[in-house]
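Here is the file entry.txt (compact mmCIF, N, CA and C atoms).
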# COMPACT_ATOMS: atom_id res chain seq x y z
N LEU N 1 21.68 3.01 7.43
CA LEU N 1 20.70 4.08 7.35
C LEU N 1 21.36 5.43 7.09
N GLU N 2 22.56 5.61 7.58
CA GLU N 2 23.27 6.88 7.36
C GLU N 2 23.43 7.16 5.87
N ASP N 3 23.84 6.13 5.11
CA ASP N 3 24.03 6.30 3.66
C ASP N 3 22.71 6.61 2.95
N VAL N 4 21.64 5.97 3.40
CA VAL N 4 20.34 6.20 2.79
C VAL N 4 19.91 7.65 3.01
N ILE N 5 20.07 8.14 4.22
CA ILE N 5 19.70 9.53 4.53
C ILE N 5 20.57 10.50 3.72
N LYS N 6 21.85 10.22 3.62
CA LYS N 6 22.73 11.08 2.81
C LYS N 6 22.27 11.09 1.36
N ASP N 7 21.90 9.91 0.83
CA ASP N 7 21.42 9.84 -0.55
C ASP N 7 20.13 10.65 -0.72
N ILE N 8 19.22 10.53 0.23
CA ILE N 8 17.96 11.27 0.16
C ILE N 8 18.24 12.77 0.22
N GLU N 9 19.11 13.18 1.10
CA GLU N 9 19.46 14.60 1.23
C GLU N 9 20.09 15.14 -0.06
N SER N 10 20.80 14.28 -0.78
CA SER N 10 21.51 14.73 -1.98
C SER N 10 20.59 14.87 -3.20
N ILE N 11 19.38 14.37 -3.11
CA ILE N 11 18.45 14.46 -4.24
C ILE N 11 18.03 15.92 -4.40
N GLU N 12 18.25 16.46 -5.60
CA GLU N 12 17.94 17.87 -5.84
C GLU N 12 16.45 18.14 -5.85
N GLY N 13 15.69 17.25 -6.43
CA GLY N 13 14.24 17.42 -6.46
C GLY N 13 13.64 17.05 -5.12
N LYS N 14 12.34 17.24 -5.01
CA LYS N 14 11.71 16.93 -3.73
C LYS N 14 10.88 15.66 -3.76
N TYR N 15 10.78 15.01 -4.94
CA TYR N 15 9.93 13.82 -5.06
C TYR N 15 10.76 12.55 -5.10
N ILE N 16 10.30 11.54 -4.35
CA ILE N 16 11.01 10.26 -4.28
C ILE N 16 9.99 9.13 -4.42
N ILE N 17 10.36 8.13 -5.20
CA ILE N 17 9.60 6.89 -5.26
C ILE N 17 10.51 5.80 -4.70
N PHE N 18 10.10 5.20 -3.61
CA PHE N 18 10.84 4.06 -3.07
C PHE N 18 10.37 2.82 -3.80
N VAL N 19 11.24 2.25 -4.61
CA VAL N 19 10.91 1.03 -5.35
C VAL N 19 11.37 -0.14 -4.49
N ASP N 20 10.47 -0.55 -3.64
CA ASP N 20 10.75 -1.60 -2.67
C ASP N 20 9.43 -2.33 -2.44
N ASP N 21 9.44 -3.64 -2.56
CA ASP N 21 8.20 -4.39 -2.37
C ASP N 21 7.55 -4.11 -1.02
N ASN N 22 8.37 -3.86 -0.02
CA ASN N 22 7.79 -3.59 1.30
C ASN N 22 8.78 -2.82 2.15
N LEU N 23 8.83 -1.53 1.95
CA LEU N 23 9.67 -0.63 2.74
C LEU N 23 9.32 -0.72 4.22
N TRP N 24 8.15 -1.18 4.51
CA TRP N 24 7.59 -1.17 5.87
C TRP N 24 7.84 -2.47 6.64
N ILE N 25 8.45 -3.47 6.02
CA ILE N 25 8.55 -4.81 6.62
C ILE N 25 9.34 -4.83 7.92
N ASN N 26 10.43 -4.07 7.96
CA ASN N 26 11.22 -3.98 9.19
C ASN N 26 10.77 -2.71 9.91
N LYS N 27 9.88 -2.90 10.86
CA LYS N 27 9.23 -1.76 11.51
C LYS N 27 10.23 -0.80 12.15
N GLN N 28 11.22 -1.32 12.86
CA GLN N 28 12.20 -0.44 13.51
C GLN N 28 12.98 0.39 12.49
N TYR N 29 13.38 -0.25 11.41
CA TYR N 29 14.11 0.46 10.35
C TYR N 29 13.23 1.55 9.74
N ALA N 30 11.98 1.17 9.41
CA ALA N 30 11.05 2.13 8.80
C ALA N 30 10.80 3.30 9.74
N GLN N 31 10.59 3.03 11.02
CA GLN N 31 10.36 4.11 11.98
C GLN N 31 11.54 5.08 12.00
N GLU N 32 12.73 4.54 12.07
CA GLU N 32 13.92 5.40 12.13
C GLU N 32 14.11 6.16 10.82
N LEU N 33 13.89 5.50 9.69
CA LEU N 33 13.98 6.16 8.40
C LEU N 33 13.00 7.33 8.33
N PHE N 34 11.76 7.08 8.71
CA PHE N 34 10.74 8.12 8.63
C PHE N 34 11.05 9.27 9.60
N ARG N 35 11.53 8.95 10.78
CA ARG N 35 11.91 10.00 11.73
C ARG N 35 13.01 10.89 11.15
N ARG N 36 13.98 10.25 10.54
CA ARG N 36 15.13 11.00 10.02
C ARG N 36 14.79 11.76 8.74
N MET N 37 13.77 11.31 8.03
CA MET N 37 13.34 12.03 6.83
C MET N 37 12.48 13.25 7.18
N ASN N 38 11.89 13.24 8.35
CA ASN N 38 11.04 14.35 8.77
C ASN N 38 11.84 15.65 8.74
N GLY N 39 11.33 16.63 8.05
CA GLY N 39 12.02 17.91 7.95
C GLY N 39 12.93 18.05 6.75
N LEU N 40 13.09 16.98 5.96
CA LEU N 40 13.95 17.07 4.77
C LEU N 40 13.22 17.70 3.59
N GLY N 41 11.92 17.87 3.70
CA GLY N 41 11.17 18.51 2.63
C GLY N 41 10.92 17.62 1.42
N LYS N 42 11.01 16.33 1.60
CA LYS N 42 10.78 15.39 0.49
C LYS N 42 9.33 14.90 0.52
N ILE N 43 8.82 14.64 -0.67
CA ILE N 43 7.51 14.02 -0.83
C ILE N 43 7.76 12.67 -1.46
N TRP N 44 7.19 11.63 -0.86
CA TRP N 44 7.52 10.31 -1.36
C TRP N 44 6.32 9.38 -1.39
N VAL N 45 6.48 8.33 -2.22
CA VAL N 45 5.49 7.27 -2.35
C VAL N 45 6.22 5.93 -2.32
N SER N 46 5.47 4.87 -2.00
CA SER N 46 6.06 3.53 -2.01
C SER N 46 4.95 2.50 -2.09
N GLN N 47 5.38 1.25 -2.21
CA GLN N 47 4.46 0.14 -2.06
C GLN N 47 4.33 -0.13 -0.57
N ALA N 48 3.19 -0.69 -0.17
CA ALA N 48 2.99 -1.00 1.24
C ALA N 48 1.91 -2.06 1.38
N PRO N 49 1.95 -2.83 2.44
CA PRO N 49 0.85 -3.76 2.69
C PRO N 49 -0.35 -2.97 3.24
N ILE N 50 -1.55 -3.40 2.93
CA ILE N 50 -2.75 -2.72 3.41
C ILE N 50 -2.78 -2.70 4.94
N THR N 51 -2.11 -3.66 5.55
CA THR N 51 -2.11 -3.75 7.02
C THR N 51 -1.32 -2.64 7.70
N ILE N 52 -0.65 -1.77 6.95
CA ILE N 52 -0.02 -0.61 7.60
C ILE N 52 -1.09 0.23 8.27
N ALA N 53 -2.33 0.09 7.84
CA ALA N 53 -3.43 0.83 8.44
C ALA N 53 -3.60 0.51 9.92
N LEU N 54 -3.08 -0.63 10.34
CA LEU N 54 -3.23 -1.06 11.73
C LEU N 54 -2.16 -0.47 12.66
N ASP N 55 -1.18 0.20 12.09
CA ASP N 55 -0.07 0.74 12.89
C ASP N 55 -0.11 2.27 12.88
N ASP N 56 -0.82 2.83 13.84
CA ASP N 56 -0.99 4.29 13.89
C ASP N 56 0.33 5.03 13.97
N GLU N 57 1.24 4.53 14.78
CA GLU N 57 2.53 5.21 14.95
C GLU N 57 3.31 5.26 13.64
N LEU N 58 3.42 4.12 12.98
CA LEU N 58 4.18 4.06 11.74
C LEU N 58 3.53 4.91 10.65
N LEU N 59 2.20 4.87 10.56
CA LEU N 59 1.50 5.70 9.59
C LEU N 59 1.73 7.18 9.85
N SER N 60 1.67 7.58 11.11
CA SER N 60 1.90 8.98 11.45
C SER N 60 3.31 9.41 11.10
N LEU N 61 4.28 8.57 11.44
CA LEU N 61 5.68 8.88 11.11
C LEU N 61 5.86 9.01 9.60
N ALA N 62 5.24 8.10 8.86
CA ALA N 62 5.35 8.15 7.40
C ALA N 62 4.78 9.46 6.86
N ALA N 63 3.60 9.81 7.31
CA ALA N 63 2.96 11.04 6.84
C ALA N 63 3.79 12.27 7.20
N GLN N 64 4.32 12.30 8.41
CA GLN N 64 5.13 13.44 8.86
C GLN N 64 6.42 13.55 8.04
N SER N 65 6.91 12.41 7.56
CA SER N 65 8.17 12.41 6.80
C SER N 65 7.97 12.75 5.33
N GLY N 66 6.71 12.89 4.90
CA GLY N 66 6.46 13.26 3.51
C GLY N 66 5.76 12.22 2.66
N CYS N 67 5.36 11.09 3.26
CA CYS N 67 4.64 10.07 2.47
C CYS N 67 3.31 10.65 2.02
N ARG N 68 3.07 10.59 0.72
CA ARG N 68 1.82 11.11 0.17
C ARG N 68 1.07 10.07 -0.66
N GLY N 69 1.64 8.87 -0.80
CA GLY N 69 0.95 7.84 -1.55
C GLY N 69 1.52 6.46 -1.32
N VAL N 70 0.62 5.47 -1.33
CA VAL N 70 1.05 4.07 -1.25
C VAL N 70 0.28 3.25 -2.28
N TYR N 71 0.99 2.30 -2.85
CA TYR N 71 0.40 1.30 -3.72
C TYR N 71 0.25 0.05 -2.88
N VAL N 72 -0.99 -0.40 -2.67
CA VAL N 72 -1.22 -1.60 -1.88
C VAL N 72 -1.71 -2.72 -2.78
N GLY N 73 -1.03 -3.84 -2.72
CA GLY N 73 -1.38 -4.99 -3.54
C GLY N 73 -2.45 -5.81 -2.87
N ILE N 74 -3.68 -5.39 -3.00
CA ILE N 74 -4.79 -6.14 -2.41
C ILE N 74 -5.06 -7.40 -3.22
N ASP N 75 -4.76 -7.36 -4.49
CA ASP N 75 -4.85 -8.48 -5.43
C ASP N 75 -6.28 -8.85 -5.79
N SER N 76 -7.12 -9.14 -4.81
CA SER N 76 -8.50 -9.50 -5.11
C SER N 76 -9.36 -9.24 -3.88
N VAL N 77 -10.61 -8.92 -4.11
CA VAL N 77 -11.56 -8.81 -3.01
C VAL N 77 -12.40 -10.08 -2.91
N ILE N 78 -12.03 -11.08 -3.70
CA ILE N 78 -12.68 -12.38 -3.67
C ILE N 78 -11.77 -13.31 -2.87
N GLU N 79 -12.18 -13.61 -1.65
CA GLU N 79 -11.31 -14.40 -0.75
C GLU N 79 -10.94 -15.74 -1.34
N GLU N 80 -11.86 -16.38 -2.05
CA GLU N 80 -11.56 -17.67 -2.68
C GLU N 80 -10.40 -17.55 -3.67
N SER N 81 -10.33 -16.43 -4.38
CA SER N 81 -9.24 -16.21 -5.33
C SER N 81 -7.91 -16.12 -4.61
N LEU N 82 -7.89 -15.40 -3.51
CA LEU N 82 -6.65 -15.26 -2.73
C LEU N 82 -6.20 -16.61 -2.18
N ARG N 83 -7.15 -17.36 -1.64
CA ARG N 83 -6.81 -18.69 -1.09
C ARG N 83 -6.27 -19.61 -2.19
N SER N 84 -6.88 -19.53 -3.38
CA SER N 84 -6.45 -20.42 -4.48
C SER N 84 -5.02 -20.14 -4.89
N ALA N 85 -4.52 -18.94 -4.65
CA ALA N 85 -3.16 -18.57 -5.01
C ALA N 85 -2.22 -18.62 -3.81
N ASN N 86 -2.70 -19.19 -2.71
CA ASN N 86 -1.92 -19.27 -1.47
C ASN N 86 -1.47 -17.90 -0.98
N LYS N 87 -2.31 -16.90 -1.20
CA LYS N 87 -2.03 -15.54 -0.72
C LYS N 87 -2.54 -15.41 0.71
N LYS N 88 -1.88 -14.57 1.47
CA LYS N 88 -2.38 -14.28 2.81
C LYS N 88 -3.70 -13.54 2.65
N VAL N 89 -4.74 -14.05 3.25
CA VAL N 89 -6.08 -13.48 3.08
C VAL N 89 -6.32 -12.44 4.17
N VAL N 90 -6.55 -11.21 3.72
CA VAL N 90 -6.94 -10.13 4.61
C VAL N 90 -8.46 -10.13 4.65
N ASP N 91 -9.04 -9.87 5.80
CA ASP N 91 -10.50 -9.79 5.90
C ASP N 91 -10.99 -8.70 4.95
N VAL N 92 -11.57 -9.10 3.85
CA VAL N 92 -11.98 -8.19 2.79
C VAL N 92 -12.94 -7.13 3.31
N THR N 93 -13.77 -7.49 4.28
CA THR N 93 -14.74 -6.52 4.80
C THR N 93 -14.06 -5.34 5.50
N LYS N 94 -12.80 -5.51 5.89
CA LYS N 94 -12.08 -4.44 6.59
C LYS N 94 -11.29 -3.52 5.65
N ILE N 95 -11.19 -3.89 4.38
CA ILE N 95 -10.40 -3.09 3.43
C ILE N 95 -10.86 -1.64 3.36
N PRO N 96 -12.16 -1.36 3.25
CA PRO N 96 -12.57 0.06 3.22
C PRO N 96 -12.11 0.84 4.45
N LYS N 97 -12.19 0.21 5.60
CA LYS N 97 -11.75 0.86 6.84
C LYS N 97 -10.24 1.11 6.80
N TYR N 98 -9.48 0.13 6.34
CA TYR N 98 -8.03 0.28 6.24
C TYR N 98 -7.66 1.42 5.29
N ILE N 99 -8.35 1.48 4.15
CA ILE N 99 -8.08 2.54 3.18
C ILE N 99 -8.32 3.91 3.81
N ARG N 100 -9.45 4.06 4.50
CA ARG N 100 -9.76 5.34 5.14
C ARG N 100 -8.73 5.71 6.21
N ARG N 101 -8.26 4.73 6.97
CA ARG N 101 -7.26 5.02 8.02
C ARG N 101 -5.97 5.56 7.41
N ILE N 102 -5.57 5.01 6.27
CA ILE N 102 -4.37 5.50 5.59
C ILE N 102 -4.63 6.90 5.05
N GLN N 103 -5.76 7.08 4.40
CA GLN N 103 -6.09 8.38 3.83
C GLN N 103 -6.26 9.47 4.90
N ASP N 104 -6.69 9.08 6.07
CA ASP N 104 -6.85 10.06 7.17
C ASP N 104 -5.53 10.73 7.51
N ARG N 105 -4.41 10.14 7.11
CA ARG N 105 -3.08 10.73 7.33
C ARG N 105 -2.63 11.57 6.13
N GLY N 106 -3.52 11.73 5.15
CA GLY N 106 -3.16 12.50 3.96
C GLY N 106 -2.39 11.69 2.94
N ILE N 107 -2.52 10.38 3.00
CA ILE N 107 -1.80 9.48 2.10
C ILE N 107 -2.77 8.90 1.08
N PHE N 108 -2.45 9.08 -0.19
CA PHE N 108 -3.21 8.59 -1.34
C PHE N 108 -3.08 7.06 -1.39
N VAL N 109 -4.17 6.35 -1.68
CA VAL N 109 -4.13 4.89 -1.75
C VAL N 109 -4.49 4.43 -3.16
N GLU N 110 -3.54 3.73 -3.79
CA GLU N 110 -3.78 3.07 -5.07
C GLU N 110 -3.80 1.57 -4.79
N ALA N 111 -4.90 0.92 -5.16
CA ALA N 111 -5.05 -0.51 -4.90
C ALA N 111 -4.72 -1.31 -6.15
N GLY N 112 -3.84 -2.29 -6.00
CA GLY N 112 -3.51 -3.20 -7.09
C GLY N 112 -4.48 -4.38 -7.07
N VAL N 113 -5.11 -4.63 -8.20
CA VAL N 113 -6.12 -5.68 -8.31
C VAL N 113 -5.75 -6.60 -9.47
N ILE N 114 -5.88 -7.90 -9.24
CA ILE N 114 -5.58 -8.90 -10.26
C ILE N 114 -6.86 -9.62 -10.65
N PHE N 115 -7.11 -9.72 -11.93
CA PHE N 115 -8.23 -10.51 -12.46
C PHE N 115 -7.68 -11.74 -13.16
N GLY N 116 -8.44 -12.83 -13.12
CA GLY N 116 -8.07 -14.01 -13.90
C GLY N 116 -7.69 -15.23 -13.08
N PHE N 117 -8.02 -15.23 -11.79
CA PHE N 117 -7.79 -16.44 -11.00
C PHE N 117 -8.70 -17.54 -11.53
N ASP N 118 -8.27 -18.79 -11.38
CA ASP N 118 -8.99 -19.93 -11.96
C ASP N 118 -10.46 -20.01 -11.54
N ASN N 119 -10.77 -19.61 -10.33
CA ASN N 119 -12.13 -19.73 -9.82
C ASN N 119 -13.06 -18.60 -10.28
N GLU N 120 -12.53 -17.63 -11.01
CA GLU N 120 -13.32 -16.45 -11.37
C GLU N 120 -13.98 -16.60 -12.73
N ASP N 121 -15.15 -15.97 -12.83
CA ASP N 121 -15.81 -15.85 -14.14
C ASP N 121 -15.96 -14.35 -14.42
N ALA N 122 -16.67 -14.01 -15.47
CA ALA N 122 -16.78 -12.61 -15.89
C ALA N 122 -17.44 -11.72 -14.84
N SER N 123 -18.17 -12.29 -13.90
CA SER N 123 -18.83 -11.48 -12.86
C SER N 123 -17.82 -10.83 -11.92
N VAL N 124 -16.58 -11.29 -11.93
CA VAL N 124 -15.57 -10.73 -11.03
C VAL N 124 -15.34 -9.24 -11.29
N PHE N 125 -15.48 -8.82 -12.53
CA PHE N 125 -15.26 -7.40 -12.85
C PHE N 125 -16.29 -6.52 -12.15
N GLU N 126 -17.55 -6.87 -12.32
CA GLU N 126 -18.61 -6.08 -11.70
C GLU N 126 -18.54 -6.17 -10.17
N ARG N 127 -18.30 -7.36 -9.64
CA ARG N 127 -18.22 -7.52 -8.18
C ARG N 127 -17.08 -6.68 -7.60
N THR N 128 -15.95 -6.65 -8.29
CA THR N 128 -14.81 -5.87 -7.82
C THR N 128 -15.10 -4.38 -7.89
N LEU N 129 -15.64 -3.93 -8.99
CA LEU N 129 -15.95 -2.50 -9.13
C LEU N 129 -17.02 -2.06 -8.13
N GLU N 130 -18.02 -2.91 -7.88
CA GLU N 130 -19.04 -2.60 -6.87
C GLU N 130 -18.39 -2.45 -5.50
N PHE N 131 -17.47 -3.35 -5.20
CA PHE N 131 -16.78 -3.29 -3.91
C PHE N 131 -16.03 -1.97 -3.78
N TYR N 132 -15.24 -1.62 -4.79
CA TYR N 132 -14.42 -0.41 -4.69
C TYR N 132 -15.25 0.87 -4.80
N ASP N 133 -16.43 0.80 -5.42
CA ASP N 133 -17.33 1.96 -5.42
C ASP N 133 -17.77 2.32 -4.00
N LYS N 134 -17.75 1.34 -3.11
CA LYS N 134 -18.17 1.57 -1.72
C LYS N 134 -17.00 1.98 -0.82
N THR N 135 -15.82 2.10 -1.40
CA THR N 135 -14.66 2.54 -0.63
C THR N 135 -14.28 3.94 -1.10
N SER N 136 -13.31 4.48 -0.44
CA SER N 136 -12.81 5.80 -0.84
C SER N 136 -11.46 5.69 -1.55
N VAL N 137 -11.16 4.51 -2.08
CA VAL N 137 -9.86 4.30 -2.74
C VAL N 137 -9.64 5.38 -3.79
N ASP N 138 -8.41 5.86 -3.88
CA ASP N 138 -8.09 6.95 -4.80
C ASP N 138 -7.88 6.48 -6.23
N SER N 139 -7.36 5.26 -6.39
CA SER N 139 -7.02 4.78 -7.72
C SER N 139 -6.97 3.25 -7.71
N LEU N 140 -7.34 2.66 -8.83
CA LEU N 140 -7.20 1.22 -9.01
C LEU N 140 -6.17 0.96 -10.10
N ASN N 141 -5.29 0.00 -9.85
CA ASN N 141 -4.31 -0.43 -10.83
C ASN N 141 -4.67 -1.88 -11.15
N LEU N 142 -5.22 -2.10 -12.35
CA LEU N 142 -5.78 -3.40 -12.70
C LEU N 142 -4.81 -4.23 -13.53
N HIS N 143 -4.75 -5.53 -13.20
CA HIS N 143 -3.85 -6.45 -13.87
C HIS N 143 -4.59 -7.72 -14.26
N ILE N 144 -4.12 -8.36 -15.31
CA ILE N 144 -4.64 -9.66 -15.73
C ILE N 144 -3.61 -10.71 -15.37
N LEU N 145 -4.03 -11.74 -14.65
CA LEU N 145 -3.15 -12.83 -14.26
C LEU N 145 -2.79 -13.65 -15.50
N THR N 146 -1.53 -13.83 -15.71
CA THR N 146 -1.06 -14.68 -16.81
C THR N 146 -0.06 -15.66 -16.26
N LEU N 147 -0.05 -16.84 -16.82
CA LEU N 147 0.91 -17.87 -16.43
C LEU N 147 1.66 -18.32 -17.65
N LYS N 148 2.90 -18.69 -17.46
CA LYS N 148 3.71 -19.20 -18.55
C LYS N 148 3.48 -20.66 -18.76

Would it be possible to restate this file's structure as structure tokens?
Amino acid sequence: LEDVIKDIESIEGKYIIFVDDNLWINKQYAQELFRRMNGLGKIWVSQAPITIALDDELLSLAAQSGCRGVYVGIDSVIEESLRSANKKVVDVTKIPKYIRRIQDRGIFVEAGVIFGFDNEDASVFERTLEFYDKTSVDSLNLHILTLK
């Protein structure tokens, strides 16, 4: 962690993108990183699981350290699609609440959405957009599922 903090301190600009699938996976490491970043004057974004919304302490530390945005890979709001891909299924009805909890800390939420699971038809587009129209999500990043 010492080297990471030194690297962050050495960045001349104030903006950082952590390119890490899950900077938040090791809670103790993330807590210490965010504590040590507090006061460095950096503004940062990263990828994160939507379930970070359930950890008030970690979210607060992230916001205090300069986190201003997260990309959350929700993938689909159609639970059958998630199950068909062996994805961990988050209770879709709780996603709007999770998004608001993250945003309440001043953190922008971009949701990653995938279209094209085998069980989906063209109605998935409208169903997904209707779902997100009822949330306060800041941005959608849309992808088409392709297989080799």

Nearest candidate to N:Val45 (options N:Val72, N:Ala62, N:Ile17, N:Leu147; using only C-alpha atoms) |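 Under the stated criterion, the closest residue is N:Ile17.
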
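Distances from N:Leu129, N:Ile144, N:Ile99, N:Val77 to N:Phe117 were compared using all atoms listed in the file, and the smallest one belongs to N:Ile144.
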
Point out the residue among N:Met37, N:Ile16, N:Ile5, N:Leu54 with the least atom-to-atom distance to N:Tyr98, counting all atoms listed in the file.
->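 Smallest separation from N:Tyr98 among the options: N:Leu54.
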
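Taking atom C of N:Leu140 and atom CA of N:Cys67 as endpoints, the distance between them is 18.9 Å.
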
Pull the strand (DSSP E) assignments for stretch 8-124 of chain N out of DSSP run on the backbone, and list those residues as a list of chain:residue names.
-> N:Tyr15, N:Ile16, N:Ile17, N:Phe18, N:Ile43, N:Trp44, N:Val45, N:Ser46, N:Gln47, N:Ala48, N:Cys67, N:Arg68, N:Gly69, N:Val70, N:Tyr71, N:Val72, N:Gly73, N:Ile74, N:Asp75, N:Phe108, N:Val109, N:Glu110, N:Ala111, N:Gly112, N:Val113, N:Ile114, N:Phe115

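Ranking N:Val137, N:Trp24, N:Trp44, N:Thr51 by their shortest atom-to-atom distance to N:Arg100, with all atoms listed in the file included, puts N:Val137 first.
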
Tell me, which residues of stretch 36-121 of chain N carry DSSP helix (DSSP H, G or I), written as a ChimeraX atom specification?
-> /N:36-37,50-54,56-65,79-84,92-103

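Contact shell of stretch 103-114 of chain N at 5 Å (all atoms listed in the file; same-chain neighbours under 3 positions omitted): Arg68, Gly69, Val70, Tyr71, Val72, Gly73, Ile74, Asp75, Ser76, Ile99, Arg100, Asp138, Ser139, Leu140, Asn141, Leu142 and His143 of chain N.
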
Polymer residues at most 6 Å from N:Phe34, all atoms listed in the file, same-chain spacing of 5 or more positions, as a PyMOL selection string = chain N and resi 29+61-62+65

Tell me which protein, DNA and RNA residues are within 6.5 Å of stretch 93-97 of chain N, counting all atoms listed in the file, leaving out same-chain ones fewer than 5 positions away, and put them as a PyMOL selection string.
-> chain N and resi 102+134-136

Please write out, as JSON, where the centre of an axis-aligned box around all listed atoms of stretch 21-28 of chain N lies and how long its edges are, in Å to one decimal, after adding 5 Å on each side.
{"center_x": 10.3, "center_y": -2.2, "center_z": 5.5, "size_x": 15.4, "size_y": 15.2, "size_z": 26.1}

Interatomic distance between atom N of N:Ala122 and atom N of N:Asn86?
-> 19.6 Å

The residue from N:Asp3, N:Glu120, N:Asp133, N:Asp55 with the smallest atom-to-atom distance to N:Glu80, counting only C-alpha atoms, is N:Glu120

Coordinates-based distance that separates atom C of N:Glu2 from atom CA of N:Ala53 (Å, one decimal) |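 Those two atoms sit 27.7 Å apart.
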
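Minimum atom-to-atom distance to N:Lys42, evaluated using only N, CA and C atoms, belongs to N:Ile8 out of N:Leu145, N:Ile8, N:Leu23, N:Ala30.
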